[in-house]
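Contents: one structure, followed by commentary.
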Number of protein chains: 4
Amino acid sequence: MSGQARLRLGMVGGGAGAFIGGVHRMAARLDDRWELVAGAFSADAERSIAFGRSLGLAEERCYGDWQTMAQAESERADPIDAVAIVTPNHMHAAPARAFLEAGVAVICDKPLTANLADALDLAEVARAAHAPFVLTHNYSGYAMVRQARAMVAEGALGAIRVVQAEYAQDWLARDLAGNKQADWRGDPARAGAGGALGDIATHAFHLASFVTGAPAEWVSAETSRFVPGRLLDDDVQIGLRWANGARGQLWASQVAIGAANALRLRVYGENASLEWAQEEPDLLRYARLGEAPQILRRGGPGLSAAAQAATRIPAGHPEGYLEGFAQIYADAADLIAAHKAGAEAPAHARALPGIADGVDGMRFVDAAVRSAAEDGRWMKLREGAR
Amino acid sequence: MSGQARLRLGMVGGGAGAFIGGVHRMAARLDDRWELVAGAFSADAERSIAFGRSLGLAEERCYGDWQTMAQAESERADPIDAVAIVTPNHMHAAPARAFLEAGVAVICDKPLTANLADALDLAEVARAAHAPFVLTHNYSGYAMVRQARAMVAEGALGAIRVVQAEYAQDWLARDLAGNKQADWRGDPARAGAGGALGDIATHAFHLASFVTGAPAEWVSAETSRFVPGRLLDDDVQIGLRWANGARGQLWASQVAIGAANALRLRVYGENASLEWAQEEPDLLRYARLGEAPQILRRGGPGLSAAAQAATRIPAGHPEGYLEGFAQIYADAADLIAAHKAGAEAPAHARALPGIADGVDGMRFVDAAVRSAAEDGRWMKLREGAR
Amino acid sequence: MSGQARLRLGMVGGGAGAFIGGVHRMAARLDDRWELVAGAFSADAERSIAFGRSLGLAEERCYGDWQTMAQAESERADPIDAVAIVTPNHMHAAPARAFLEAGVAVICDKPLTANLADALDLAEVARAAHAPFVLTHNYSGYAMVRQARAMVAEGALGAIRVVQAEYAQDWLARDLAGNKQADWRGDPARAGAGGALGDIATHAFHLASFVTGAPAEWVSAETSRFVPGRLLDDDVQIGLRWANGARGQLWASQVAIGAANALRLRVYGENASLEWAQEEPDLLRYARLGEAPQILRRGGPGLSAAAQAATRIPAGHPEGYLEGFAQIYADAADLIAAHKAGAEAPAHARALPGIADGVDGMRFVDAAVRSAAEDGRWMKLREGAR
Amino acid sequence: MSGQARLRLGMVGGGAGAFIGGVHRMAARLDDRWELVAGAFSADAERSIAFGRSLGLAEERCYGDWQTMAQAESERADPIDAVAIVTPNHMHAAPARAFLEAGVAVICDKPLTANLADALDLAEVARAAHAPFVLTHNYSGYAMVRQARAMVAEGALGAIRVVQAEYAQDWLARDLAGNKQADWRGDPARAGAGGALGDIATHAFHLASFVTGAPAEWVSAETSRFVPGRLLDDDVQIGLRWANGARGQLWASQVAIGAANALRLRVYGENASLEWAQEEPDLLRYARLGEAPQILRRGGPGLSAAAQAATRIPAGHPEGYLEGFAQIYADAADLIAAHKAGAEAPAHARALPGIADGVDGMRFVDAAVRSAAEDGRWMKLREGAR
């Protein structure tokens with residue numbers, strides 16, 4: 001991890017009290033590939049400056065709005081190399097567009113936008129722009145998730161038959177009115193049409209797509225609002241039909257009492273299966289038909305180059321959520337450095353979740369909402385799907 | 001378990017090479033409440049006699065067909081108190097009817113019949129008969145399943161929101177033509193309209209119903225036949241809407257490589273959740289909102305009377321599948337002994353799965369097959385459901 | 001398991017309220033190889049008869065003392081084929097001697113006796129007798145324990161380096177005066193010189209010996225009595241040096257709060273290791289150097305003939321404590337039937353724990369007590385050890 | 001974690017190819033409390049400069065030896081606030097002394113020194129110096145280890161009876177001659193008198209002491225060298241008697257095939273027990289007598305202030321080894337900042353492992369080596385112990 005020049009990072013959102021902004025900063029720091037140098041942390045200029053100063057930033061690079069920041073940074077001799085956008089969902093599209101148009105790479109939190117139309121618009125912008133776009137579906141940064149993807153790609157499982165994904169939490173089992181994190185996630189104006197759907201089901205959906213390497217084609221959804229007064233779903237139960245013929249269920253819930261952050265994926269092929277759970281991310285269960293299952297471990301024997309490259313410390317010294325997130329940042333540094341150098345990015349950097357994954361996620365949310373409104377009718381995720 | 005007179009058991013099916021017949025016999029023996037005294041083990045009289053003799057039965061009570069057996073036993077001074085029917089699905093209804101009509105209690109393997117019509121007919125017979133009927137949804141015999149049921153009934157979870165059930169196996173991940181167990185299960189003439197659906201999804205469905213104490217009202221199903229040449233489903237993905245407002249998924253698969261007999265239930269209420277997995281049946285995870293989850297253990301502290309009554313040995317000395325199955329037989333002995341004595345059966349015996357559960361299971365299979373044929377349209381499980 | 005004539009079993013001890021007697025009876029019934037026909041269940045003849053009748057025994061074979069029973073049974077035309085001795089430790093030697101001398105096979109609960117002198121005497125008797133002797137170190141009946149033994153024997157681990165054994169319980173964490181099970185186990189006159197040492201450490205010691213196939217040579221012990229007023233140890237911490245050069249620790253405790261019946265063995269060789277825990281007995285972790293660990297499962301792929309022979313039901317249908325115990329009885333039936341027939345017993349029957357294992361266990365207890373008395377000085381387990 | 005001025009860190013050792021140096025740097029970066037500004041990374045000045053430059057350091061602060069570094073840094077206007085010493089064991093004492101004497105705080109890798117005499121000397125220096133000393137027994141940085149310590153301190157367990165600690169690895173199961181990490185650890189001249197003893201048993205020993213808050217008084221040891229040609233122990237089996245009357249075993253092995261970094265602690269008191277395993281560090285099992293065990297989780301309900309303070313992200317987003325290590329650095333920043341300000345350090349900073357813990361660890365190694373040489377004779381860990 002040493003020996004590479006640090007890139008300059010800016011941030012939009014993520015001021016005092018924000019959760020995911022702090023996570024992005026820890027993730028960016030861990031592997032020493034980034035230096036945070038600028039930010040529009042708050043819509044209140046004074047608070048933005050105060051917060052930026054507390055992080056050691058120069059006052060002149062603490063902005064009161066992202067418009068000014070995009071402009072000012074693009075005019076500097078030492079502009080930021082990328083901006084991290086860590087605002088609520090409805091505030092992703094506009095700053096992303098502005099920075100992309102200013103030629104600044106974007107590292108955007110998920111889901112891509114608050115609705116599909118914004119996502120499609122932003123995709124147009126991204127296609128036209130000369131700057132990379134990375135979406136922090138951070139769970140794809142875990143070494144053993146990459147191991148799973150590599151194994152599927154190499155054919156270790158054979159044709160995929162069944163994909164079972166789930167993401168269960170319990171922090172919204174009660175009405176949390178007044179909780180900053182809960183409030184915007186429960187507000188259609190800021191979160192979009194999905195509650196648990198946008199917040200966590202998109203992660204499970206991306207994880208399944210990332211590992212299997214195959215797109216989903218059809219979705220059928222049942223959405224519930226179990227907590228009285230809630231405007232957006234807090235539990236979704238989904239059927240998926242995948243382009244490769246696989247079938248599967250996806251369950252996401254924020255009222256699953258006893259579940260902390262239980263993202264889990266199981267993939268069954270004609271020859272073998274894989275099982276991974278985010279709460280014990282260093283492990284991957286691999287079962288071949290007719291053989292005793294194996295427990296693969298990050299840093300341990302039998303791993304792909306992709307998994308080895310996403311590893312910092314030896315087996316048994318657990319890496320966790322921040323390391324997985326940091327991997328996205330480290331790879332984004334490779335991607336963006338290559339872009340700056342006019343070089344082709346290495347494979348692992350090209351595999352980072354990007355704008356297309358973000359659009360897919362929004363198609364998934366959109367189709368699920370429509371399906372639920374029509375009593376679970378199967379909806380195509382995109383035109384041309386069979 | 002001592003001190004109670006043994007009841008006399010007969011068996012239909014379960015000859016040499018059968019799997020479930022041997023299980024029933026071990027289950028019946030374990031608690032010493034039954035003595036096997038008669039059987040029609042095979043359609044071939046000689047083989048039936050040979051097999052019965054190998055079990056220590058008198059030759060005169062080894063029959064070549066169940067018709068003769070029903071007749072002969074009912075005429076004896078020491079007739080069987082119950083008959084265990086352990087034939088393939090399509091051979092449940094006729095012998096069950098014959099024995100019920102002869103006044104002999106029936107202990108029948110699941111699913112109840114091969115189709116819903118037979119199930120409804122048999123229910124009529126059972127209603128009219130003066131003999132108890134027990135269906136061996138054996139997983140309801142586990143102490144910790146009863147603990148879960150008791151906790152839900154006592155309100156420990158509050159209103160139920162989500163019910164996630166699954167039953168994964170891998171023994172049919174390949175075509176097993178020639179395997180006796182696989183052959184009849186894959187043959188619509190013997191198994192009925194469901195493959196995994198009838199064989200294992202009915203178990204998961206019953207388990208969920210048994211624990212939550214609430215009926216399911218609507219079902220939506222996606223069924224697959226992943227192994228080429230298969231005539232019946234080997235993987236089913238189901239949505240359920242429960243009468244109490246709960247929502248849930250049910251997944252059953254016999255092609256889930258790496259899964260042995262992975263029946264698992266998770267129930268989430270407004271105040272707490274429960275999680276149980278058949279492969280570690282002595283444990284039950286209980287999580288209350290805002291408290292650290294607890295691991296309840298069979299034989300350990302904090303258990304209901306129902307769980308304590310279904311326990312033979314101290315905590316940490318694992319009880320397994322045969323003990324759970326034996327509990328059905330022990331309770332059936334209580335049920336049938338009370339019936340013989342004209343007394344009311346104790347509560348635990350009245351809670352045994354019976355004819356109504358069998359009909360419910362067949363409604364579930366029937367509705368799932370119809371739903372799958374109509375692209376997953378939600379189907380009512382019974383008239384009058386909302 | 002079918003098709004073999006049942007052997008006739010008698011029992012000494014195990015009357016109303018006894019724990020292990022009931023376990024022996026369930027174990028003997030499960031595989032239908034034994035029929036209980038006689039017993040001296042209590043020193044009170046009336047109670048013995050009442051209890052025996054409750055089990056369905058003929059009154060004439062319910063004895064008030066084992067002396068009469070040994071005599072009467074040996075004079076019958078249909079004598080018992082074996083007697084199960086399930087009394088407290090100090091009451092093993094005398095009845096065992098009497099039955100052996102009467103030519104009746106003995107199935108004796110562990111530890112063999114209350115002290116080493118009795119054990120050595122009994123071994124003399126057994127050597128001279130024309131009847132088999134089986135000691136119910138029941139954990140050696142588990143399929144996966146036999147799998148472990150077979151793997152070590154086949155060299156899958158290479159030379160053994162480290163053996164870590166433990167057996168933790170918590171039921172004696174408080175003074176249980178008045179509890180029948182606790183009382184005799186805490187009384188030197190009935191239990192012998194060891195508390196946890198005799199009751200559970202002997203199991204862990206036998207398990208380690210059984211799996212590794214090598215004798216221990218030296219022992220160093222630290223014994224504690226944590227509960228005030230206790231006369232015998234409730235926690236022992238032991239070092240062992242094995243004849244094959246391996247080193248290891250053994251910990252047994254009955255005050256380990258939170259442990260139910262946590263017997264666990266780990267064996268490390270130069271090429272691989274094995275790990276087994278009694279509370280999840282169907283699993284065996286097998287790790288080869290440089291490969292991802294495998295989880296072997298009873299009934300699953302990759303098992304030895306020995307493990308397959310000790311299996312009743314398919315993988316994932318858990319077998320537990322009673323099945324493991326039943327295996328001892330099933331194998332004892334093979335051993336004793338062969339003896340009666342004048343034939344050589346099959347290998348699995350010859351591998352049953354017997355009188356030599358019992359003497360080894362008592363040597364272990366005796367040496368541990370002496371070592372603890374001398375501040376942990378290493379003691380030879382037998383003359384001639386290096 | 002924001003809003004506090006960064007401290008300046010220097011480093012001795014940790015050049016290209018070193019393992020623990022990189023870990024210290026990631027740990028120091030994560031919470032943004034430190035900036036690495038100086039280092040003597042290699043005894044070769046050119047390599048030290050090249051490496052320091054690769055980390056973004058000014059060339060003038062990349063030194064060829066720690067003597068020069070200590071001198072030069074102490075004369076600067078912006079000297080380092082602390083030095084991290086990450087050299088092999090025998091190279092801890094001399095630089096630590098030099099920096100302490102120069103008034104620079106020391107953050108030193110464990111074990112403290114290569115032998116007890118050096119440790120005692122260094123303790124004298126530390127006592128006289130006006131600078132804090134922190135020893136990176138990093139496992140004490142884990143939130144749930146602190147939770148365990150807090151619970152013991154609050155009396156949740158009552159009087160401690162048994163302490164079982166172990167630390168198993170397998171990376172030295174073979175001769176690794178030529179492996180840089182293995183070579184110095186196996187060389188008495190660099191590692192000291194202990195192999196696994198100094199490298200990992202000291203961690204387990206510290207962990208047990210840290211959690212129970214009680215000193216060990218007596219040690220009995222059996223040490224082995226299983227891999228031919230090895231000069232230092234690769235497996236140690238130890239008995240400990242604690243000042244509070246508790247008894248326990250400690251096992252450390254580097255030849256335990258199948259173990260990755262399996263540090264594990266179990267503490268049993270008269271009322272409850274705790275169990276913690278480093279490979280799943282977010283969890284802590286808490287069992288009270290007569291109640292079902294609970295699984296406490298970092299970030300979850302029911303935690304002490306100490307655990308909450310050592311937490312970055314919500315429950316279920318796993319924190320791992322680097323976060324635990326980072327906690328030591330974050331707390332060290334509080335300790336050293338308070339020292340600079342002439343203020344009393346907060347409690348959590350005062351609880352950091354320091355020079356006394358380092359001396360205790362060396363007493364433990366020294367006594368264990370002596371005990372092993374005398375066939376396991378119990379040795380006092382310090383004068384005055386009972």
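Residues in the structure tokens are numbered from 1 in each chain, the chains being A, B, ... in the order shown, and ligands are numbered from 1 in the order shown.
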Determine which residues of chain C sit within 7 Å of chain B, taking into account only C-alpha atoms, and present them as a list in words.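 Putting it all together, I get Ser2, Gly3, Gln4, Met26, Arg29, Leu30, Asp31, Ser54, Leu55, Ala260, Asn261, Ala262, Glu279, Ala315, Gly316, His317, Pro318, Glu319, Gly320 and Tyr321 of chain C.
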With only C-alpha atoms as the counted atoms, please give the residues lying no more than 12 Å from Thr68 of chain B, apart from itself and same-chain residues fewer than 2 positions off, as a list in words. Val12, Ala38, Gly39, Ala40, Ala43, Ala45, Glu60, Arg61, Cys62, Tyr63, Gly64, Asp65, Trp66, Ala70, Gln71, Ala72, Glu73, Ser74, Glu75, Pro95, Ala98, Phe99 and Ala102 of chain B
When DSSP works through the backbone of this structure, what residues of segment 153-364 of chain A end up as alpha helix (DSSP H), shown as JSON, numbers by chain? {"A": [153, 180, 181, 182, 183, 184, 185, 188, 189, 190, 191, 196, 202, 203, 204, 205, 206, 207, 208, 209, 210, 211, 212, 305, 306, 307, 308, 309, 321, 322, 323, 324, 325, 326, 327, 328, 329, 330, 331, 332, 333, 334, 335, 336, 337, 338, 339, 340, 347, 348, 349, 350, 355, 356, 357, 358, 359, 360, 361, 362, 363, 364]}
From a DSSP pass on the backbone, collect the residues of segment 59-179 of chain D flagged as strand (DSSP E) and hand them back as a ChimeraX atom specification. /D:82-85,105-108,133-135,160-168
So that I can check the surroundings of Ala159 of chain A, please list as a PDB file with C-alpha atoms, in the first residue's frame every protein, DNA and RNA residue that reaches within 7 Å of it, counting only C-alpha atoms and ignoring chain neighbours fewer than 2 positions away.
ATOM      1  CA  LEU A 157     -20.235 -23.571  -9.161  1.00  0.00           C
ATOM      2  CA  ARG A 161     -29.626 -22.274 -10.070  1.00  0.00           C
ATOM      3  CA  GLY A 269     -24.937 -23.815  -8.724  1.00  0.00           C
ATOM      4  CA  GLU A 270     -25.217 -27.166 -10.363  1.00  0.00           C
TER       5      GLU A 270
END
Would you pick out the contacts of segment 353-370 of chain B at 8 Å or less, using only C-alpha atoms, so that residues sharing its chain but fewer than 4 positions from it are not included, and give the list as a PyMOL selection string? chain B and resi 110-113+115-116+119-120+123+126+133-137+140+193-194+197-198+202+205-206+219-223+238+374+379-382
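Each of B:Val163, B:Ala148, B:Val104, B:Ser48 was checked against Ala307 of chain B using only C-alpha atoms; the smallest atom-to-atom distance is that of B:Ala148.
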Could you name the residues that touch Ala309 of chain B at 10 Å or less, counting only C-alpha atoms, but leaving out those on the same chain fewer than 6 positions away, as a PyMOL selection string? chain B and resi 143+146+299+327+348
Selection from above, N, CA, C and O atoms, as an mmCIF file, in the first residue's frame, can you write it?
data_model
loop_
_atom_site.group_PDB
_atom_site.id
_atom_site.type_symbol
_atom_site.label_atom_id
_atom_site.label_comp_id
_atom_site.auth_asym_id
_atom_site.auth_seq_id
_atom_site.Cartn_x
_atom_site.Cartn_y
_atom_site.Cartn_z
ATOM 1 N N ALA B 143 -38.410 -30.206 21.322
ATOM 2 C CA ALA B 143 -38.689 -29.409 22.516
ATOM 3 C C ALA B 143 -38.621 -27.908 22.230
ATOM 4 O O ALA B 143 -39.454 -27.139 22.697
ATOM 5 N N ARG B 146 -41.512 -26.485 20.395
ATOM 6 C CA ARG B 146 -42.639 -26.283 21.316
ATOM 7 C C ARG B 146 -42.411 -25.064 22.203
ATOM 8 O O ARG B 146 -43.344 -24.340 22.539
ATOM 9 N N GLY B 299 -33.537 -28.259 27.948
ATOM 10 C CA GLY B 299 -33.043 -28.735 29.228
ATOM 11 C C GLY B 299 -32.464 -27.638 30.098
ATOM 12 O O GLY B 299 -32.154 -27.883 31.261
ATOM 13 N N GLN B 327 -41.108 -37.999 20.241
ATOM 14 C CA GLN B 327 -42.055 -37.198 21.021
ATOM 15 C C GLN B 327 -43.449 -37.272 20.412
ATOM 16 O O GLN B 327 -44.445 -37.311 21.132
ATOM 17 N N HIS B 348 -50.899 -31.193 25.478
ATOM 18 C CA HIS B 348 -49.799 -31.437 24.537
ATOM 19 C C HIS B 348 -50.218 -32.457 23.485
ATOM 20 O O HIS B 348 -49.761 -32.423 22.354
#
Best match for closeness to Gly13 of chain C among C:Glu46, C:Asp233, C:Glu35, C:Asp109, counting only C-alpha atoms: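 Closest to Gly13 of chain C, using only C-alpha atoms: C:Asp109.
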